[in-house]
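Just structure23.tsv here, TSV, C-alpha atoms:
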chain	number	residue	atom	x	y	z
A	1345	MET	CA	20.98	7.61	4.31
A	1346	LYS	CA	18.68	8.11	1.38
A	1347	VAL	CA	16.10	5.35	1.00
A	1348	GLN	CA	13.71	4.37	-1.72
A	1349	PRO	CA	10.36	2.79	-0.88
A	1350	SER	CA	9.10	0.69	-3.73
A	1351	GLY	CA	5.75	2.43	-4.25
A	1352	VAL	CA	4.76	-0.53	-6.40
A	1353	VAL	CA	3.26	-3.98	-6.03
A	1354	LEU	CA	5.67	-6.26	-4.18
A	1355	ALA	CA	6.09	-10.01	-4.44
A	1356	ALA	CA	3.77	-12.18	-2.37
A	1357	ALA	CA	5.31	-15.55	-1.69
A	1358	THR	CA	2.48	-17.15	0.28
A	1359	VAL	CA	-1.16	-16.48	-0.52
A	1360	VAL	CA	-4.57	-18.07	-0.27
A	1361	LEU	CA	-5.36	-19.92	-3.47
A	1362	GLY	CA	-8.71	-19.72	-5.18
A	1363	VAL	CA	-10.56	-21.65	-7.86
A	1364	MET	CA	-9.26	-21.11	-11.38
A	1365	ALA	CA	-11.99	-20.40	-13.90
A	1366	GLY	CA	-12.56	-18.72	-17.23
A	1367	PRO	CA	-14.36	-15.39	-17.41
A	1368	ALA	CA	-18.13	-15.45	-17.52
A	1369	ALA	CA	-19.71	-12.62	-19.52
A	1370	PHE	CA	-23.35	-11.82	-18.87
A	1371	ALA	CA	-25.84	-10.29	-21.27
A	1372	ASP	CA	-25.99	-6.99	-19.38
A	1373	ASP	CA	-22.20	-6.62	-19.07
A	1374	MET	CA	-20.70	-3.62	-20.81
A	1375	ASP	CA	-18.33	-4.03	-23.73
A	1376	PRO	CA	-14.69	-3.99	-22.44
A	1377	LYS	CA	-13.90	-1.06	-24.72
A	1378	LYS	CA	-16.77	0.97	-23.23
A	1379	ILE	CA	-15.63	0.10	-19.69
A	1380	TYR	CA	-12.18	1.38	-20.56
A	1381	GLU	CA	-13.48	4.55	-22.20
A	1382	ARG	CA	-15.58	5.38	-19.14
A	1383	ALA	CA	-13.01	4.45	-16.51
A	1384	ALA	CA	-9.75	5.70	-18.04
A	1385	PRO	CA	-10.43	9.44	-17.53
A	1386	ALA	CA	-10.93	8.85	-13.79
A	1387	THR	CA	-7.90	6.56	-13.37
A	1388	VAL	CA	-4.81	8.56	-12.43
A	1389	GLN	CA	-1.08	8.04	-12.17
A	1390	VAL	CA	0.36	8.81	-8.73
A	1391	LEU	CA	3.93	10.14	-8.89
A	1392	GLY	CA	6.23	10.45	-5.89
A	1393	LYS	CA	9.90	11.18	-5.38
A	1394	TYR	CA	10.75	7.54	-4.80
A	1395	GLY	CA	8.13	5.61	-6.73
A	1396	GLU	CA	4.85	5.65	-8.57
A	1397	GLY	CA	1.52	3.92	-8.61
A	1398	THR	CA	-2.11	4.29	-9.60
A	1399	GLY	CA	-5.26	5.74	-8.08
A	1400	PHE	CA	-8.75	6.69	-9.15
A	1401	ILE	CA	-11.05	9.65	-8.59
A	1402	TYR	CA	-14.18	8.59	-6.73
A	1403	ASP	CA	-15.55	12.05	-5.87
A	1404	ALA	CA	-15.08	14.56	-8.69
A	1405	GLU	CA	-16.76	17.42	-6.83
A	1406	LYS	CA	-14.34	17.21	-3.91
A	1407	GLY	CA	-11.42	15.96	-6.00
A	1408	LEU	CA	-10.94	12.84	-3.85
A	1409	ILE	CA	-8.61	10.07	-5.06
A	1410	ALA	CA	-8.34	6.54	-3.63
A	1411	THR	CA	-5.08	4.59	-3.72
A	1412	ASN	CA	-2.98	2.18	-1.64
A	1413	ALA	CA	-1.14	3.48	1.40
A	1414	HIS	CA	2.05	1.75	0.24
A	1415	VAL	CA	2.01	3.88	-2.93
A	1416	VAL	CA	2.26	7.17	-1.01
A	1417	GLN	CA	3.73	6.27	2.39
A	1418	GLY	CA	7.11	7.94	2.99
A	1419	GLU	CA	6.81	10.25	-0.01
A	1420	PRO	CA	7.78	13.88	0.75
A	1421	SER	CA	5.72	15.21	-2.16
A	1422	LEU	CA	3.17	13.82	-4.59
A	1423	LYS	CA	1.67	14.64	-7.95
A	1424	VAL	CA	-1.13	13.06	-9.94
A	1425	LYS	CA	-1.39	12.83	-13.70
A	1426	VAL	CA	-4.94	12.92	-15.07
A	1427	GLY	CA	-5.15	11.91	-18.72
A	1428	GLU	CA	-3.08	14.19	-20.96
A	1429	GLN	CA	-2.89	16.98	-18.38
A	1430	PRO	CA	0.45	17.86	-16.74
A	1431	PRO	CA	1.00	16.27	-13.30
A	1432	ALA	CA	-0.86	18.24	-10.62
A	1433	PRO	CA	0.24	18.53	-6.95
A	1434	VAL	CA	-1.82	16.55	-4.43
A	1435	ARG	CA	-1.70	15.98	-0.69
A	1436	VAL	CA	-2.62	13.06	1.52
A	1437	VAL	CA	-5.96	13.74	3.22
A	1438	GLY	CA	-6.01	10.55	5.27
A	1439	ILE	CA	-4.04	7.31	5.41
A	1440	ASP	CA	-4.18	3.92	7.13
A	1441	PRO	CA	-1.10	1.79	6.37
A	1442	CYS	CA	-2.62	-1.17	8.21
A	1443	ALA	CA	-5.58	-1.12	5.79
A	1444	ASP	CA	-3.22	-0.22	2.92
A	1445	LEU	CA	-5.55	2.61	1.91
A	1446	ALA	CA	-5.10	6.34	1.44
A	1447	VAL	CA	-7.17	9.28	0.21
A	1448	LEU	CA	-5.55	12.13	-1.74
A	1449	THR	CA	-6.88	15.46	-2.92
A	1450	PHE	CA	-5.68	18.07	-5.38
A	1451	THR	CA	-3.91	21.18	-4.09
A	1452	SER	CA	-5.81	23.03	-6.82
A	1453	LYS	CA	-8.64	20.96	-8.29
A	1454	PRO	CA	-8.52	20.70	-12.12
A	1455	PRO	CA	-11.77	21.34	-14.01
A	1456	ASP	CA	-14.02	18.70	-15.56
A	1457	LEU	CA	-12.89	15.77	-13.43
A	1458	LYS	CA	-14.53	12.38	-14.01
A	1459	SER	CA	-15.17	9.89	-11.24
A	1460	LEU	CA	-15.86	6.18	-10.80
A	1461	GLU	CA	-18.80	4.71	-8.94
A	1462	PHE	CA	-18.39	1.99	-6.33
A	1463	GLY	CA	-20.17	-1.31	-6.79
A	1464	GLU	CA	-20.92	-4.04	-4.25
A	1465	SER	CA	-18.15	-6.62	-4.11
A	1466	LYS	CA	-20.42	-9.00	-2.22
A	1467	GLU	CA	-22.31	-9.53	-5.49
A	1468	LEU	CA	-19.23	-11.00	-7.22
A	1469	GLU	CA	-19.12	-14.70	-8.00
A	1470	VAL	CA	-16.45	-17.06	-9.24
A	1471	ALA	CA	-15.82	-16.63	-13.00
A	1472	ASP	CA	-17.35	-13.13	-13.21
A	1473	THR	CA	-15.48	-10.92	-15.65
A	1474	VAL	CA	-13.42	-8.10	-14.11
A	1475	THR	CA	-11.20	-5.37	-15.58
A	1476	ALA	CA	-8.13	-3.79	-13.97
A	1477	LEU	CA	-6.85	-0.33	-14.94
A	1478	GLY	CA	-3.48	1.15	-14.10
A	1479	TYR	CA	-0.19	2.73	-15.08
A	1480	PRO	CA	2.51	0.04	-15.27
A	1481	VAL	CA	6.06	1.08	-14.40
A	1482	GLY	CA	8.68	1.36	-17.11
A	1483	ILE	CA	7.08	3.55	-19.75
A	1484	SER	CA	8.07	7.18	-20.29
A	1485	GLU	CA	5.99	9.44	-18.07
A	1486	THR	CA	5.33	11.85	-20.93
A	1487	SER	CA	3.81	9.23	-23.22
A	1488	GLN	CA	2.27	6.79	-20.78
A	1489	LYS	CA	-1.44	6.12	-20.92
A	1490	VAL	CA	-3.63	4.10	-18.62
A	1491	VAL	CA	-3.85	0.46	-19.72
A	1492	TYR	CA	-6.40	-2.20	-18.93
A	1493	THR	CA	-6.33	-5.95	-18.50
A	1494	ALA	CA	-9.32	-8.27	-18.34
A	1495	GLY	CA	-9.72	-11.46	-16.37
A	1496	SER	CA	-12.06	-13.33	-14.08
A	1497	VAL	CA	-12.80	-13.68	-10.41
A	1498	GLN	CA	-11.04	-16.72	-8.95
A	1499	ASN	CA	-12.14	-16.24	-5.35
A	1500	PRO	CA	-14.55	-13.40	-4.49
A	1501	ASN	CA	-13.66	-13.27	-0.79
A	1502	VAL	CA	-10.20	-14.22	0.40
A	1503	VAL	CA	-10.26	-13.60	4.15
A	1504	ASN	CA	-7.29	-12.46	6.27
A	1505	ALA	CA	-4.61	-12.86	3.62
A	1506	GLU	CA	-1.02	-12.29	4.81
A	1507	PRO	CA	1.01	-12.09	1.60
A	1508	SER	CA	4.39	-11.39	3.21
A	1509	THR	CA	5.96	-10.13	6.43
A	1510	SER	CA	6.22	-6.66	4.85
A	1511	PHE	CA	2.49	-6.21	4.28
A	1512	PRO	CA	-0.42	-5.90	6.68
A	1513	ARG	CA	-3.13	-8.50	7.00
A	1514	TYR	CA	-5.89	-7.99	4.40
A	1515	PRO	CA	-9.29	-8.83	5.93
A	1516	SER	CA	-11.16	-9.03	2.60
A	1517	THR	CA	-9.66	-9.32	-0.87
A	1518	ILE	CA	-10.77	-10.47	-4.31
A	1519	GLN	CA	-8.48	-12.93	-6.07
A	1520	HIS	CA	-8.65	-12.46	-9.83
A	1521	SER	CA	-6.73	-13.07	-13.06
A	1522	ALA	CA	-6.72	-9.56	-14.60
A	1523	THR	CA	-2.98	-8.88	-14.80
A	1524	VAL	CA	-1.71	-6.30	-12.29
A	1525	ASN	CA	1.80	-5.06	-13.09
A	1526	PRO	CA	4.19	-3.07	-10.87
A	1527	GLY	CA	2.86	0.48	-10.86
A	1528	ASN	CA	-0.79	-0.65	-10.94
A	1529	SER	CA	-1.10	-0.61	-7.14
A	1530	GLY	CA	-4.08	1.48	-6.08
A	1531	GLY	CA	-5.88	1.16	-9.41
A	1532	PRO	CA	-9.52	0.14	-9.74
A	1533	LEU	CA	-10.88	-3.34	-10.33
A	1534	LEU	CA	-14.15	-3.00	-12.23
A	1535	ASP	CA	-17.10	-5.35	-12.65
A	1536	GLY	CA	-19.09	-5.89	-15.83
A	1537	GLN	CA	-21.00	-2.66	-15.20
A	1538	GLY	CA	-17.83	-0.60	-14.94
A	1539	LYS	CA	-18.22	-0.10	-11.18
A	1540	VAL	CA	-15.33	-0.32	-8.72
A	1541	VAL	CA	-15.49	-3.59	-6.81
A	1542	GLY	CA	-11.87	-3.60	-5.65
A	1543	ILE	CA	-8.62	-1.65	-5.26
A	1544	ASN	CA	-5.69	-3.59	-6.69
A	1545	ALA	CA	-2.92	-4.15	-4.16
A	1546	LEU	CA	-1.01	-7.41	-4.59
A	1547	THR	CA	0.38	-9.86	-7.11
A	1548	VAL	CA	1.94	-13.29	-6.73
A	1549	THR	CA	5.35	-14.03	-8.15
A	1550	GLY	CA	7.44	-17.18	-8.28
A	1551	ALA	CA	6.18	-20.63	-9.16
A	1552	THR	CA	2.54	-19.55	-9.00
A	1553	GLN	CA	1.44	-17.15	-11.71
A	1554	GLY	CA	-1.73	-15.34	-12.72
A	1555	GLN	CA	-3.07	-14.52	-9.25
A	1556	PHE	CA	-3.79	-10.92	-8.30
A	1557	TYR	CA	-5.53	-9.42	-5.29
A	1558	ALA	CA	-7.73	-6.36	-4.82
A	1559	ILE	CA	-9.07	-4.98	-1.54
A	1560	SER	CA	-12.81	-5.49	-1.79
A	1561	SER	CA	-14.93	-2.36	-2.23
A	1562	ASP	CA	-17.33	-3.35	0.57
A	1563	HIS	CA	-14.38	-3.41	2.98
A	1564	ALA	CA	-12.59	-0.36	1.55
A	1565	ARG	CA	-15.46	2.08	1.17
A	1566	PRO	CA	-16.21	2.81	4.86
A	1567	ILE	CA	-12.47	3.18	5.55
A	1568	LEU	CA	-12.12	5.63	2.66
A	1569	ASP	CA	-15.07	7.62	4.00
A	1570	THR	CA	-13.28	7.94	7.35
A	1571	LEU	CA	-9.94	8.87	5.76
A	1572	ALA	CA	-11.62	11.47	3.56
A	1573	GLY	CA	-12.49	13.34	6.75
A	1574	GLY	CA	-8.78	13.95	7.36
A	1575	VAL	CA	-8.22	10.99	9.65
A	1576	VAL	CA	-4.85	9.29	10.06
A	1577	GLN	CA	-4.98	5.77	11.45
A	1578	ASN	CA	-2.22	3.35	12.48
A	1579	ASP	CA	0.55	5.59	11.12
A	1580	PRO	CA	3.30	6.44	13.63
A	1581	GLY	CA	5.28	7.96	10.77
A	1582	TRP	CA	7.51	5.05	9.88
A	1583	THR	CA	8.02	2.84	6.87
A	1584	ILE	CA	8.76	-0.71	8.01
A	1585	VAL	CA	9.28	-4.06	6.30
A	1586	GLY	CA	9.82	-7.61	7.51
A	1587	LEU	CA	13.43	-8.26	8.49
A	1588	ASP	CA	13.28	-11.53	6.55
A	1589	ASP	CA	11.89	-9.89	3.38
A	1590	PRO	CA	13.98	-11.17	0.42
A	1591	GLU	CA	13.18	-7.89	-1.40
A	1592	LEU	CA	14.60	-5.67	1.36
A	1593	GLY	CA	17.28	-4.21	-0.92
A	1594	LEU	CA	14.62	-2.80	-3.25
A	1595	TYR	CA	13.66	-0.25	-0.62
A	1596	PHE	CA	17.09	1.37	-0.89
A	1597	GLU	CA	19.01	3.16	-3.56
A	1598	GLU	CA	21.53	0.89	-5.27
A	1599	LYS	CA	24.51	2.30	-3.35
A	1600	ASP	CA	22.85	1.50	0.00
A	1601	ALA	CA	21.12	-1.78	-0.87
A	1602	THR	CA	24.24	-3.93	-0.41
A	1603	LYS	CA	24.87	-2.51	3.06
A	1604	ALA	CA	21.25	-3.10	4.07
A	1605	GLU	CA	21.26	-6.68	2.76
A	1606	ALA	CA	24.53	-7.41	4.59
A	1607	ALA	CA	23.01	-6.09	7.84
A	1608	GLN	CA	19.90	-8.17	7.22
A	1609	LYS	CA	21.93	-11.38	6.80
A	1610	ARG	CA	24.04	-10.66	9.86
A	1611	LEU	CA	20.98	-10.05	12.01
A	1612	ILE	CA	19.09	-13.12	10.80
A	1613	ASP	CA	22.18	-15.31	11.23
A	1614	SER	CA	22.38	-14.14	14.85
A	1615	GLY	CA	18.76	-15.16	15.44
A	1616	VAL	CA	17.11	-11.71	15.40
A	1617	THR	CA	13.48	-11.52	14.23
A	1618	GLY	CA	11.45	-8.37	13.78
A	1619	VAL	CA	10.75	-5.54	11.36
A	1620	PHE	CA	13.33	-3.30	9.69
A	1621	VAL	CA	12.80	0.47	9.89
A	1622	ILE	CA	13.27	1.99	6.41
A	1623	ASN	CA	12.64	5.57	7.51
A	1624	ALA	CA	10.83	7.71	10.07
A	1625	ARG	CA	9.35	11.11	9.29
A	1626	THR	CA	10.71	14.11	11.17
A	1627	ASN	CA	8.37	15.25	13.98
A	1628	SER	CA	6.28	12.08	13.71
A	1629	PRO	CA	5.87	9.82	16.76
A	1630	ALA	CA	8.45	7.42	15.26
A	1631	GLY	CA	10.77	10.32	14.44
A	1632	LYS	CA	10.58	11.59	18.02
A	1633	VAL	CA	11.58	8.19	19.52
A	1634	PRO	CA	13.90	8.60	17.55
A	1635	LEU	CA	14.05	5.63	15.18
A	1636	GLY	CA	16.65	5.58	12.42
A	1637	THR	CA	17.07	3.75	9.13
A	1638	GLY	CA	18.08	0.17	9.84
A	1639	ASP	CA	16.91	0.02	13.44
A	1640	VAL	CA	15.12	-3.26	14.04
A	1641	LEU	CA	11.89	-3.38	16.04
A	1642	THR	CA	11.55	-6.70	17.84
A	1643	ALA	CA	8.71	-6.12	20.34
A	1644	MET	CA	5.85	-3.73	21.18
A	1645	LYS	CA	4.04	-3.74	24.52
A	1646	ASP	CA	6.21	-6.70	25.57
A	1647	THR	CA	4.85	-8.67	22.61
A	1648	PRO	CA	7.29	-9.98	19.96
A	1649	VAL	CA	6.67	-8.66	16.44
A	1650	GLU	CA	7.95	-10.47	13.36
A	1651	SER	CA	5.87	-8.85	10.63
A	1652	VAL	CA	4.03	-5.69	9.66
A	1653	ALA	CA	0.79	-7.56	10.43
A	1654	ASP	CA	2.02	-8.14	14.01
A	1655	VAL	CA	2.78	-4.42	14.36
A	1656	CYS	CA	-0.65	-3.52	12.96
A	1657	ASP	CA	-2.39	-5.82	15.43
A	1658	ILE	CA	-0.84	-3.84	18.28
A	1659	LEU	CA	-1.44	-0.41	16.73
A	1660	GLN	CA	-5.07	-1.24	16.00
A	1661	SER	CA	-5.63	-2.21	19.63
A	1662	SER	CA	-3.93	0.93	21.00
A	1663	ALA	CA	-5.61	4.19	21.94
A	1664	PRO	CA	-4.81	7.70	20.64
A	1665	GLY	CA	-2.13	9.30	22.82
A	1666	GLU	CA	-1.10	5.95	24.33
A	1667	LYS	CA	2.53	5.34	25.29
A	1668	VAL	CA	3.65	2.14	23.54
A	1669	PRO	CA	6.86	0.52	24.85
A	1670	LEU	CA	9.23	-0.58	22.07
A	1671	GLU	CA	12.19	-2.96	22.05
A	1672	GLY	CA	14.72	-3.59	19.32
A	1673	VAL	CA	18.34	-3.79	18.24
A	1674	TYR	CA	20.65	-1.41	16.39
A	1675	SER	CA	22.08	-2.18	12.97
A	1676	LEU	CA	22.80	0.50	10.36
A	1677	THR	CA	22.61	3.32	12.92
A	1678	ALA	CA	25.22	1.73	15.20
A	1679	ASP	CA	28.34	3.91	15.39
A	1680	GLY	CA	30.49	1.28	17.11
A	1681	LYS	CA	31.08	3.58	20.10
A	1682	GLN	CA	27.92	4.65	21.89
A	1683	THR	CA	25.88	2.00	20.08
A	1684	LYS	CA	27.02	-1.33	18.68
A	1685	PHE	CA	25.57	-3.51	15.94
A	1686	GLY	CA	23.02	-5.93	17.41
A	1687	GLU	CA	22.90	-4.10	20.76
A	1688	ALA	CA	19.46	-3.96	22.36
A	1689	TRP	CA	17.56	-0.71	22.78
A	1690	SER	CA	14.22	0.26	24.31
A	1691	ALA	CA	12.06	3.36	23.98
A	1692	ASP	CA	8.49	4.63	24.20
A	1693	LEU	CA	6.39	5.47	21.15
A	1694	VAL	CA	3.76	8.09	22.04
A	1695	LEU	CA	0.91	7.86	19.56
A	1696	ASP	CA	-0.70	11.02	18.22
A	1697	LYS	CA	-3.69	12.13	20.27
A	1698	ASN	CA	-5.59	13.16	17.15
A	1699	THR	CA	-5.26	9.72	15.60
A	1700	ALA	CA	-8.65	8.08	15.25
A	1701	PRO	CA	-9.11	4.59	16.74
A	1702	SER	CA	-9.52	1.79	14.26
A	1703	PRO	CA	-13.11	1.04	13.23
So that I can check it, write out the structure of this file as structure tokens.
Amino acid sequence: MKVQPSGVVLAAATVVLGVMAGPAAFADDMDPKKIYERAAPATVQVLGKYGEGTGFIYDAEKGLIATNAHVVQGEPSLKVKVGEQPPAPVRVVGIDPCADLAVLTFTSKPPDLKSLEFGESKELEVADTVTALGYPVGISETSQKVVYTAGSVQNPNVVNAEPSTSFPRYPSTIQHSATVNPGNSGGPLLDGQGKVVGINALTVTGATQGQFYAISSDHARPILDTLAGGVVQNDPGWTIVGLDDPELGLYFEEKDATKAEAAQKRLIDSGVTGVFVINARTNSPAGKVPLGTGDVLTAMKDTPVESVADVCDILQSSAPGEKVPLEGVYSLTADGKQTKFGEAWSADLVLDKNTAPSP
């Protein structure tokens, strides 16, 4: 079954609310146009087979690009578009889905790259002006340019946000009002000096509007430094989402979405809770279990899991090379003969030995 990860910002139904305020511009803040002119050349469009997003170059000499893990996870190949240049092939250097961060690098580094400088997110205060850059989905790839939106900080430090069962727990995020559209995931959030103080990751939809969340630079920077060394953390090779995610069908091509949603309803109606496996990479620990599209993971290490955050808690407390017992039920992979829909299964997930422990 062919599946389609979103690769874009997903809906967050429940979030921590901050204080609404208008932007405060300070005398030493740069003009928004100048911020855009400086930051746009280093803000890139990340293009995958299944989706697209945004990233930014933070080390021009090494050609290192920061983005969200959910932009690139599950993608068999990736390209990056820098300004008016044709899309260039890139590879994932390091990734941590539980931190929702990834570092990419060019297969062949283009000349004259520009980069963005990190700022200190701890210096942000409520009502500070911030600018978000990104490539929103829906515009022709050949004509699309990076766009910016301006807003203000609503809450400079939202701690341990859990936006939905399909996302990890975010230890430190900045809530702001600079509009972040689908496709802007992984783009930079800049302060009044044009420095990166956050990596945009989430937006709120529904009754509440105008709230957007960026992973704070102070939290992200040490993780990016680790990933840039070629480290893979908390990535067994699967793409998983909450079984109760109302957007589950969006992870599938249209012809498969109805079948997945029907399986979801049937499982939930029978009282099953857990996470839905969207795919598992060949030769990865998850692929060797093997886990298939539509298998439901209900427990790890004899501990029930009902969300991606629950799974991450267990992965982050596990050691490289550890054997992790899994429990679950079949759904879309059930053939009705050897395996039946809703039938329980158990297996061991052997984590990669070269996976670095969480910091």
Subject >> Among the residues A:Pro1566, A:Gly1542, A:Pro1420, A:Pro1441, the one that comes closest to Val1585 in chain A [using all atoms listed in the file] >> reply: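 Residue with the minimum atom-to-atom distance to Val1585 in chain A: A:Pro1441.
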Subject >> Atom-to-atom span, CA of Pro1431 in chain A and CA of Lys1599 in chain A, Å >> reply: 29.1 Å
**OP:** Find the residue from A:Thr1677, A:Asn1504, A:Thr1387, A:Ser1529 that sits nearest to Lys1489 in chain A; use only C-alpha atoms when measuring.
**Re:** A:Thr1387
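Residue nearest Val1633 in chain A within the list A:Gly1593, A:Ala1691, A:Lys1393, A:Lys1609: A:Ala1691 [criterion: smallest interatomic distance, only C-alpha atoms].
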Original post:
Using all atoms listed in the file, which of A:Thr1473, A:Ser1508, A:Gln1488, A:Ser1516 sits nearest Ala1558 in chain A?
Top reply: A:Ser1516
**OP:** Do a neighbour search on Pro1648 in chain A at 8 Å with only C-alpha atoms, toss out local chain neighbours closer than 5 positions, and write the hits as a ChimeraX atom specification.
**Re:** /A:1618,1642-1643
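Picture a line from CA of Asp1589 in chain A to CA of Ala1443 in chain A; it runs 19.7 Å.
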Output, as lines of an AutoDock Vina configuration file, the centre and edge lengths in Å (one decimal) of the axis-aligned box that contains all listed atoms of range 1678-1687 of chain A with 6 Å of margin on each side.
center_x = 27.0
center_y = -0.6
center_z = 18.5
size_x = 20.2
size_y = 22.6
size_z = 18.7
Subject >> Surrounding residues of Pro1433 in chain A excluding itself and chain neighbours under 3 positions, 7 Å, all atoms listed in the file, as a VMD selection string >> reply: chain A and resid 1422 to 1424 1450 to 1451
Original post:
For Gly1574 in chain A, which residue out of A:Val1470, A:Val1416, A:Val1388, A:Ile1439 is the nearest one, using only C-alpha atoms?
Top reply: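 The answer is A:Ile1439, which sits nearest to Gly1574 in chain A.
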Subject >> Who sits within 6 Å of range 1559-1564 of chain A, all atoms listed in the file, same chain under 6 positions skipped, as a PyMOL selection string >> reply: chain A and resi 1465+1516-1518+1541-1543
Store the residues of this selection in a file with C-alpha atoms, as a PDB file, in the frame of the given file.
ATOM      1  CA  SER A1465     -18.150  -6.620  -4.110  1.00  0.00           C
ATOM      2  CA  SER A1516     -11.160  -9.030   2.600  1.00  0.00           C
ATOM      3  CA  THR A1517      -9.660  -9.320  -0.870  1.00  0.00           C
ATOM      4  CA  ILE A1518     -10.770 -10.470  -4.310  1.00  0.00           C
ATOM      5  CA  VAL A1541     -15.490  -3.590  -6.810  1.00  0.00           C
ATOM      6  CA  GLY A1542     -11.870  -3.600  -5.650  1.00  0.00           C
ATOM      7  CA  ILE A1543      -8.620  -1.650  -5.260  1.00  0.00           C
TER       8      ILE A1543
END
Original post:
With all atoms listed in the file as the basis for distance, which of A:Lys1377, A:Arg1625, A:Lys1697, A:Lys1632 is at the shortest distance from Glu1419 in chain A?
Top reply: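 Nearest candidate to Glu1419 in chain A out of A:Lys1377, A:Arg1625, A:Lys1697, A:Lys1632: A:Arg1625.
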**OP:** May I have the protein, DNA and RNA residues with an atom at most 6 Å from (3.2, 3.9, 20.3), counting only C-alpha atoms in the file's coordinates, returned as a PyMOL selection string?
**Re:** chain A and resi 1667-1668+1693-1695
Please produce a file of the residues just selected, as a short mmCIF file (atom, residue, chain, number, x, y, z; two decimals), keeping the file's coordinate frame, where the atoms kept are C-alpha atoms.
data_model
loop_
_atom_site.label_atom_id
_atom_site.label_comp_id
_atom_site.auth_asym_id
_atom_site.auth_seq_id
_atom_site.Cartn_x
_atom_site.Cartn_y
_atom_site.Cartn_z
CA LYS A 1667 2.53 5.34 25.29
CA VAL A 1668 3.65 2.14 23.54
CA LEU A 1693 6.39 5.47 21.15
CA VAL A 1694 3.76 8.09 22.04
CA LEU A 1695 0.91 7.86 19.56
#
Original post:
CA of Leu1445 in chain A to CA of Asp1600 in chain A: how many Å, to one decimal?
Top reply: 28.5 Å
